[in-house]
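Structure data (mmCIF, C-alpha atoms and all ligand atoms; chains and numbers go by the auth columns) from start_27.cif:
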data_upload
#
loop_
_atom_site.group_PDB
_atom_site.id
_atom_site.type_symbol
_atom_site.label_atom_id
_atom_site.label_comp_id
_atom_site.label_asym_id
_atom_site.label_seq_id
_atom_site.Cartn_x
_atom_site.Cartn_y
_atom_site.Cartn_z
_atom_site.B_iso_or_equiv
_atom_site.auth_seq_id
_atom_site.auth_asym_id
ATOM 1 C CA MET A 1 48.564 86.179 122.264 0.00 233 A
ATOM 2 C CA ASP A 2 49.446 89.693 123.419 0.00 234 A
ATOM 3 C CA ARG A 3 52.734 91.350 122.663 0.00 235 A
ATOM 4 C CA LEU A 4 54.235 90.854 126.090 0.00 236 A
ATOM 5 C CA ALA A 5 53.488 87.134 125.951 0.00 237 A
ATOM 6 C CA ILE A 6 55.070 86.884 122.500 0.00 238 A
ATOM 7 C CA LEU A 7 58.174 88.741 123.694 0.00 239 A
ATOM 8 C CA SER A 8 58.422 86.495 126.724 0.00 240 A
ATOM 9 C CA MET A 9 58.138 83.360 124.581 0.00 241 A
ATOM 10 C CA LEU A 10 60.822 84.609 122.199 0.00 242 A
ATOM 11 C CA GLU A 11 63.135 85.516 125.070 0.00 243 A
ATOM 12 C CA THR A 12 62.699 82.043 126.550 0.00 244 A
ATOM 13 C CA ALA A 13 63.436 80.465 123.173 0.00 245 A
ATOM 14 C CA MET A 14 66.594 82.523 122.710 0.00 246 A
ATOM 15 C CA GLY A 15 67.673 81.732 126.260 0.00 247 A
ATOM 16 C CA GLU A 16 67.414 78.044 125.410 0.00 248 A
ATOM 17 C CA CYS A 17 69.496 78.721 122.298 0.00 249 A
ATOM 18 C CA SER A 18 72.453 79.474 124.591 0.00 250 A
ATOM 19 C CA ARG A 19 72.516 75.731 125.363 0.00 251 A
ATOM 20 C CA ILE A 20 72.448 74.574 121.747 0.00 252 A
ATOM 21 C CA GLN A 21 75.867 74.371 120.133 0.00 253 A
ATOM 22 C CA LEU A 22 76.540 74.967 116.466 0.00 254 A
ATOM 23 C CA THR A 23 79.313 72.992 114.810 0.00 255 A
ATOM 24 C CA GLU A 24 82.108 75.511 115.359 0.00 256 A
ATOM 25 C CA GLY A 25 81.648 75.540 119.143 0.00 257 A
ATOM 26 C CA VAL A 26 79.519 78.671 119.204 0.00 258 A
ATOM 27 C CA SER A 27 76.025 78.541 120.691 0.00 259 A
ATOM 28 C CA VAL A 28 72.979 79.338 118.592 0.00 260 A
ATOM 29 C CA LEU A 29 72.400 82.379 120.826 0.00 261 A
ATOM 30 C CA GLU A 30 75.929 83.757 120.345 0.00 262 A
ATOM 31 C CA HIS A 31 75.725 83.145 116.604 0.00 263 A
ATOM 32 C CA SER A 32 72.296 84.831 116.390 0.00 264 A
ATOM 33 C CA LEU A 33 73.421 87.866 118.382 0.00 265 A
ATOM 34 C CA TRP A 34 76.424 88.164 116.106 0.00 266 A
ATOM 35 C CA CYS A 35 74.248 88.026 112.974 0.00 267 A
ATOM 36 C CA ALA A 36 71.754 90.572 114.339 0.00 268 A
ATOM 37 C CA TYR A 37 74.577 92.888 115.357 0.00 269 A
ATOM 38 C CA GLN A 38 76.049 92.838 111.856 0.00 270 A
ATOM 39 C CA ALA A 39 72.646 93.686 110.358 0.00 271 A
ATOM 40 C CA TRP A 40 72.121 96.502 112.828 0.00 272 A
ATOM 41 C CA ASN A 41 75.679 97.783 112.349 0.00 273 A
ATOM 42 C CA GLU A 42 75.141 97.936 108.583 0.00 274 A
ATOM 43 C CA LYS A 43 71.956 99.958 109.188 0.00 275 A
ATOM 44 C CA CYS A 44 69.744 97.289 107.623 0.00 276 A
ATOM 45 C CA ALA A 45 65.956 97.520 107.876 0.00 277 A
ATOM 46 C CA SER A 46 64.453 96.331 111.158 0.00 278 A
ATOM 47 C CA SER A 47 63.016 93.290 109.369 0.00 279 A
ATOM 48 C CA MET A 48 66.564 92.197 108.446 0.00 280 A
ATOM 49 C CA VAL A 49 67.872 92.723 111.980 0.00 281 A
ATOM 50 C CA VAL A 50 65.004 90.601 113.318 0.00 282 A
ATOM 51 C CA ALA A 51 65.468 87.955 110.614 0.00 283 A
ATOM 52 C CA ALA A 52 69.164 87.772 111.500 0.00 284 A
ATOM 53 C CA MET A 53 68.320 87.377 115.186 0.00 285 A
ATOM 54 C CA PHE A 54 65.827 84.556 114.672 0.00 286 A
ATOM 55 C CA HIS A 55 67.101 82.838 111.517 0.00 287 A
ATOM 56 C CA ASP A 56 68.270 79.747 113.420 0.00 288 A
ATOM 57 C CA ILE A 57 65.428 79.508 115.924 0.00 289 A
ATOM 58 C CA GLY A 58 64.438 76.310 114.129 0.00 290 A
ATOM 59 C CA HIS A 59 67.306 74.683 116.059 0.00 291 A
ATOM 60 C CA TYR A 60 65.407 75.476 119.264 0.00 292 A
ATOM 61 C CA ILE A 61 62.308 73.799 117.841 0.00 293 A
ATOM 62 C CA CYS A 62 64.345 70.765 116.751 0.00 294 A
ATOM 63 C CA ALA A 63 65.972 70.564 120.196 0.00 295 A
ATOM 64 C CA GLY A 64 62.566 69.691 121.631 0.00 296 A
ATOM 65 C CA ASP A 65 62.629 66.363 119.830 0.00 297 A
ATOM 66 C CA PRO A 66 65.613 64.164 120.785 0.00 298 A
ATOM 67 C CA GLU A 67 64.847 61.722 117.988 0.00 299 A
ATOM 68 C CA LEU A 68 65.520 64.212 115.211 0.00 300 A
ATOM 69 C CA THR A 69 68.716 63.437 113.309 0.00 301 A
ATOM 70 C CA ASP A 70 71.420 65.967 112.366 0.00 302 A
ATOM 71 C CA PHE A 71 70.386 65.390 108.773 0.00 303 A
ATOM 72 C CA TYR A 72 66.834 66.519 109.544 0.00 304 A
ATOM 73 C CA LYS A 73 67.998 69.508 111.593 0.00 305 A
ATOM 74 C CA ASP A 74 70.402 70.691 108.895 0.00 306 A
ATOM 75 C CA LYS A 75 67.749 70.363 106.235 0.00 307 A
ATOM 76 C CA GLU A 76 64.603 71.573 107.981 0.00 308 A
ATOM 77 C CA HIS A 77 65.541 74.142 110.635 0.00 309 A
ATOM 78 C CA ALA A 78 65.015 77.078 108.252 0.00 310 A
ATOM 79 C CA SER A 79 61.479 76.192 107.220 0.00 311 A
ATOM 80 C CA LEU A 80 60.503 75.086 110.749 0.00 312 A
ATOM 81 C CA GLY A 81 61.736 78.335 112.263 0.00 313 A
ATOM 82 C CA ALA A 82 60.029 80.463 109.612 0.00 314 A
ATOM 83 C CA ALA A 83 56.728 78.621 110.078 0.00 315 A
ATOM 84 C CA TRP A 84 56.888 79.059 113.853 0.00 316 A
ATOM 85 C CA LEU A 85 57.642 82.785 113.561 0.00 317 A
ATOM 86 C CA SER A 86 55.050 83.485 110.865 0.00 318 A
ATOM 87 C CA ARG A 87 52.265 83.844 113.445 0.00 319 A
ATOM 88 C CA TRP A 88 53.905 87.011 114.728 0.00 320 A
ATOM 89 C CA PHE A 89 56.186 88.381 112.026 0.00 321 A
ATOM 90 C CA PRO A 90 55.633 89.531 108.440 0.00 322 A
ATOM 91 C CA GLU A 91 57.012 87.735 105.413 0.00 323 A
ATOM 92 C CA SER A 92 59.878 90.241 105.162 0.00 324 A
ATOM 93 C CA VAL A 93 61.221 88.476 108.276 0.00 325 A
ATOM 94 C CA CYS A 94 60.013 84.929 107.713 0.00 326 A
ATOM 95 C CA ILE A 95 60.779 84.323 104.042 0.00 327 A
ATOM 96 C CA PRO A 96 64.480 85.249 104.201 0.00 328 A
ATOM 97 C CA ILE A 97 64.679 82.937 107.237 0.00 329 A
ATOM 98 C CA ALA A 98 62.957 80.153 105.309 0.00 330 A
ATOM 99 C CA MET A 99 65.382 80.747 102.409 0.00 331 A
ATOM 100 C CA HIS A 100 68.662 81.009 104.316 0.00 332 A
ATOM 101 C CA ILE A 101 69.638 77.447 103.434 0.00 333 A
ATOM 102 C CA GLU A 102 68.635 77.927 99.805 0.00 334 A
ATOM 103 C CA ALA A 103 70.747 81.101 99.764 0.00 335 A
ATOM 104 C CA LYS A 104 73.753 79.059 100.878 0.00 336 A
ATOM 105 C CA ARG A 105 73.097 76.478 98.170 0.00 337 A
ATOM 106 C CA TYR A 106 72.719 79.278 95.619 0.00 338 A
ATOM 107 C CA LEU A 107 75.948 80.995 96.624 0.00 339 A
ATOM 108 C CA ALA A 108 77.843 77.709 96.787 0.00 340 A
ATOM 109 C CA THR A 109 76.673 76.937 93.250 0.00 341 A
ATOM 110 C CA THR A 110 77.358 80.315 91.674 0.00 342 A
ATOM 111 C CA ASP A 111 80.390 81.566 93.607 0.00 343 A
ATOM 112 C CA ILE A 112 83.389 79.256 93.724 0.00 344 A
ATOM 113 C CA ILE A 113 85.205 81.432 96.271 0.00 345 A
ATOM 114 C CA TYR A 114 82.195 81.262 98.574 0.00 346 A
ATOM 115 C CA ARG A 115 82.131 77.488 98.203 0.00 347 A
ATOM 116 C CA HIS A 116 85.808 77.142 99.042 0.00 348 A
ATOM 117 C CA ASN A 117 85.514 79.434 102.037 0.00 349 A
ATOM 118 C CA LEU A 118 82.696 77.489 103.703 0.00 350 A
ATOM 119 C CA GLY A 119 83.689 76.223 107.131 0.00 351 A
ATOM 120 C CA HIS A 120 84.035 72.521 107.722 0.00 352 A
ATOM 121 C CA GLY A 121 80.637 72.186 109.423 0.00 353 A
ATOM 122 C CA SER A 122 78.889 74.276 106.828 0.00 354 A
ATOM 123 C CA ARG A 123 80.397 72.221 104.027 0.00 355 A
ATOM 124 C CA GLN A 124 79.179 69.026 105.675 0.00 356 A
ATOM 125 C CA SER A 125 75.670 70.359 106.268 0.00 357 A
ATOM 126 C CA LEU A 126 75.510 71.542 102.636 0.00 358 A
ATOM 127 C CA GLU A 127 75.319 67.896 101.617 0.00 359 A
ATOM 128 C CA HIS A 128 72.363 67.362 103.968 0.00 360 A
ATOM 129 C CA GLN A 129 70.765 70.486 102.561 0.00 361 A
ATOM 130 C CA GLY A 130 70.691 69.273 98.978 0.00 362 A
ATOM 131 C CA GLY A 131 74.195 70.221 97.808 0.00 363 A
ATOM 132 C CA LEU A 132 74.614 72.409 94.765 0.00 364 A
ATOM 133 C CA MET A 133 71.528 73.685 92.910 0.00 365 A
ATOM 134 C CA ASN A 134 70.430 72.467 89.508 0.00 366 A
ATOM 135 C CA ASP A 135 69.317 74.918 86.802 0.00 367 A
ATOM 136 C CA ASP A 136 65.651 74.816 87.802 0.00 368 A
ATOM 137 C CA GLU A 137 66.514 75.503 91.432 0.00 369 A
ATOM 138 C CA LEU A 138 68.806 78.377 90.446 0.00 370 A
ATOM 139 C CA LEU A 139 66.029 79.952 88.385 0.00 371 A
ATOM 140 C CA ALA A 140 63.453 79.532 91.138 0.00 372 A
ATOM 141 C CA PHE A 141 65.803 81.118 93.649 0.00 373 A
ATOM 142 C CA ARG A 142 66.810 84.033 91.417 0.00 374 A
ATOM 143 C CA THR A 143 63.229 84.948 90.602 0.00 375 A
ATOM 144 C CA SER A 144 62.106 84.987 94.223 0.00 376 A
ATOM 145 C CA ARG A 145 61.164 88.391 95.570 0.00 377 A
ATOM 146 C CA TYR A 146 63.308 87.670 98.619 0.00 378 A
ATOM 147 C CA ALA A 147 66.436 86.387 96.874 0.00 379 A
ATOM 148 C CA ASP A 148 68.468 89.496 97.686 0.00 380 A
ATOM 149 C CA SER A 149 67.433 89.675 101.320 0.00 381 A
ATOM 150 C CA SER A 150 68.048 85.990 101.867 0.00 382 A
ATOM 151 C CA ILE A 151 71.541 86.376 100.359 0.00 383 A
ATOM 152 C CA LYS A 152 72.175 89.340 102.610 0.00 384 A
ATOM 153 C CA LEU A 153 71.051 87.326 105.635 0.00 385 A
ATOM 154 C CA ARG A 154 73.313 84.505 104.489 0.00 386 A
ATOM 155 C CA ARG A 155 76.337 86.804 104.357 0.00 387 A
ATOM 156 C CA PHE A 156 75.770 87.684 108.019 0.00 388 A
ATOM 157 C CA ASP A 157 75.202 84.014 108.800 0.00 389 A
ATOM 158 C CA ASP A 158 78.533 83.035 107.229 0.00 390 A
ATOM 159 C CA ALA A 159 80.645 85.806 108.743 0.00 391 A
ATOM 160 C CA THR A 160 83.153 84.400 111.196 0.00 392 A
ATOM 161 C CA PHE A 161 82.015 84.827 114.789 0.00 393 A
ATOM 162 C CA VAL A 162 84.031 87.406 116.667 0.00 394 A
ATOM 163 C CA LYS A 163 83.759 87.228 120.425 0.00 395 A
ATOM 164 C CA GLY A 164 83.429 90.689 121.839 0.00 396 A
ATOM 165 C CA ALA A 165 81.175 93.293 123.327 0.00 397 A
ATOM 166 C CA ILE A 166 77.983 93.175 121.332 0.00 398 A
ATOM 167 C CA PRO A 167 74.487 94.033 122.608 0.00 399 A
ATOM 168 C CA SER A 168 72.522 91.412 124.520 0.00 400 A
ATOM 169 C CA TYR A 169 69.228 89.977 123.295 0.00 401 A
ATOM 170 C CA LYS A 170 67.208 92.392 125.460 0.00 402 A
ATOM 171 C CA TRP A 171 68.702 95.369 123.667 0.00 403 A
ATOM 172 C CA TYR A 172 66.883 94.334 120.467 0.00 404 A
ATOM 173 C CA GLU A 173 63.400 94.121 121.960 0.00 405 A
ATOM 174 C CA THR A 174 62.290 97.566 120.792 0.00 406 A
ATOM 175 C CA ILE A 175 63.287 96.629 117.251 0.00 407 A
ATOM 176 C CA ILE A 176 61.490 93.291 117.591 0.00 408 A
ATOM 177 C CA ILE A 177 58.300 94.960 118.879 0.00 409 A
ATOM 178 C CA SER A 178 58.376 97.436 116.000 0.00 410 A
ATOM 179 C CA ILE A 179 58.146 94.635 113.472 0.00 411 A
ATOM 180 C CA LEU A 180 55.545 92.403 115.143 0.00 412 A
ATOM 181 C CA ARG A 181 52.414 92.034 113.041 0.00 413 A
HETATM 182 FE FE FE B . 70.803 78.044 109.779 0.00 501 A
HETATM 183 FE FE FE B . 72.980 80.562 111.188 0.00 502 A
#

If you convert what's in this file into structure tokens, what do you get?
Ligand SMILES: [Fe+2]
Ligand SMILES: [Fe+2]
Amino acid sequence: MDRLAILSMLETAMGECSRIQLTEGVSVLEHSLWCAYQAWNEKCASSMVVAAMFHDIGHYICAGDPELTDFYKDKEHASLGAAWLSRWFPESVCIPIAMHIEAKRYLATTDIIYRHNLGHGSRQSLEHQGGLMNDDELLAFRTSRYADSSIKLRRFDDATFVKGAIPSYKWYETIIISILR
């Protein structure tokens, strides 16, 4: 698939994300734009900006199957999204996306303030996502090469959405192209 076709497919997917609501009444598109903006604003590497933009694209994939339960979506959207994106993006984008649920479980286990500050929806989905980590899971997470970047992505993911003037999806396309494989 050529680059223009990939860009077009991604734009279509993100357009569809405007119709998928997250639990706090924010669409997946708004939430993704907010996450990408934070990464860009903090001068993160392009791979982090792109990971932030697409970290929840698994919800778009899940939306194609009306029989999928909320339990399945909460649990699997990270790995589904990362697998879908891995044809076009390097692991510096895809692995933090795949690990963004594990990063939440890790932070909820090791940081009591983080756990208490989780929003209602995020606290509920944590149960679907495996709850707190056991010692083996903590070790596996900590020793991953992408632990730090997945935690960073998670911090953007958890930041309260602020409605305001942030760039549109199109604005990020040069950054997205720069990181395509
Ligand atoms: Fe997510
Ligand atoms: Fe998210």

Worksheet item: Mind listing as a ChimeraX atom specification all residues within 8 Å of (79.1, 82.5, 114.2), counting only C-alpha atoms?
Response: /A:256,258,262-264,266-267,389-394

Item to complete: Kindly compile the residues surrounding ligand FE 502 (chain A) within 12 Å, counting all atoms listed in the file, and format them as a ChimeraX atom specification.
Response: /A:249,253-256,258-268,283-291,306,309-310,313,328-333,335-336,353-354,357,382,385-393

Fill in: Residue contacts of A:Thr342 (12 Å, all atoms listed in the file) excluding same-chain residues fewer than 3 positions away, as an NGL selection string
:A and (335-339 or 345-348 or 364-367 or 369-371 or 373-374)

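Taking atom CA of A:Arg413 and atom CA of A:Ile252 as the two end points, the separation is 28.0 Å.
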
Discussion item. I need the output of the PyMOL selection byres (((chain A and resi 318) around 12) and not hetatm) for this file as a ChimeraX atom specification; which residues are they?
Written reply: /A:283,286,311-317,319-330,411-413

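Relative to atom CA of A:Ile398, atom CA of A:Gln270 is found at 9.7 Å.
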
Discussion item. What's the separation between atom CA of A:Ser279 and atom CA of A:Ile383, in Å to one decimal place?
Written reply: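 Taking atom CA of A:Ser279 as the start and atom CA of A:Ile383 as the end point, the length is 14.2 Å.
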
Worksheet item: For ligand FE 501 (chain A), which of A:Leu358, A:Leu300, A:Leu239, A:Met280 is the closest residue, counting only C-alpha atoms and all ligand atoms?
Response: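 When distances to ligand FE 501 (chain A) are compared using only C-alpha atoms and all ligand atoms, the smallest one comes from A:Leu358.
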
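Each of A:Pro298, A:Ala245, A:Ile293, A:Glu308 was checked against ligand FE 501 (chain A) using only C-alpha atoms and all ligand atoms; the smallest atom-to-atom distance is that of A:Glu308.
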
Worksheet entry | A:Leu236, A:Leu242, A:Cys294, A:Ala277 ranked by distance to ligand FE 501 (chain A), top pick (using all atoms listed in the file) |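 Among the listed residues, the smallest separation from ligand FE 501 (chain A) belongs to A:Cys294.
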
Kindly provide, as AutoDock Vina command-line options, the centre and edge lengths (Å, one decimal) of an axis-aligned box around all atoms of stretch 269-281 of chain A given in the file, with 5 Å on each side.
--center_x 69.5 --center_y 96.1 --center_z 111.5 --size_x 23.0 --size_y 17.8 --size_z 17.7

Discussion item. Here is a test: counting all atoms listed in the file, which residue of A:Ile408, A:His360, A:Thr341, A:Lys305 is nearest to ligand FE 501 (chain A)?
Written reply: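 Among A:Ile408, A:His360, A:Thr341, A:Lys305, it is A:Lys305 that comes nearest to ligand FE 501 (chain A).
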
Fill in: Best match for closeness to ligand FE 501 (chain A) among A:Asn349, A:Thr301, A:Ile238, A:Gln361, counting all atoms listed in the file
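With all atoms listed in the file as the atom set, the closest residue is A:Gln361.
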
Discussion item. When you count only C-alpha atoms, which of these residues is closest to A:Lys402: A:Glu359, A:Glu243, A:Tyr269, A:Asp343?
Written reply: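 Closest to A:Lys402 of all the choices is A:Glu243.
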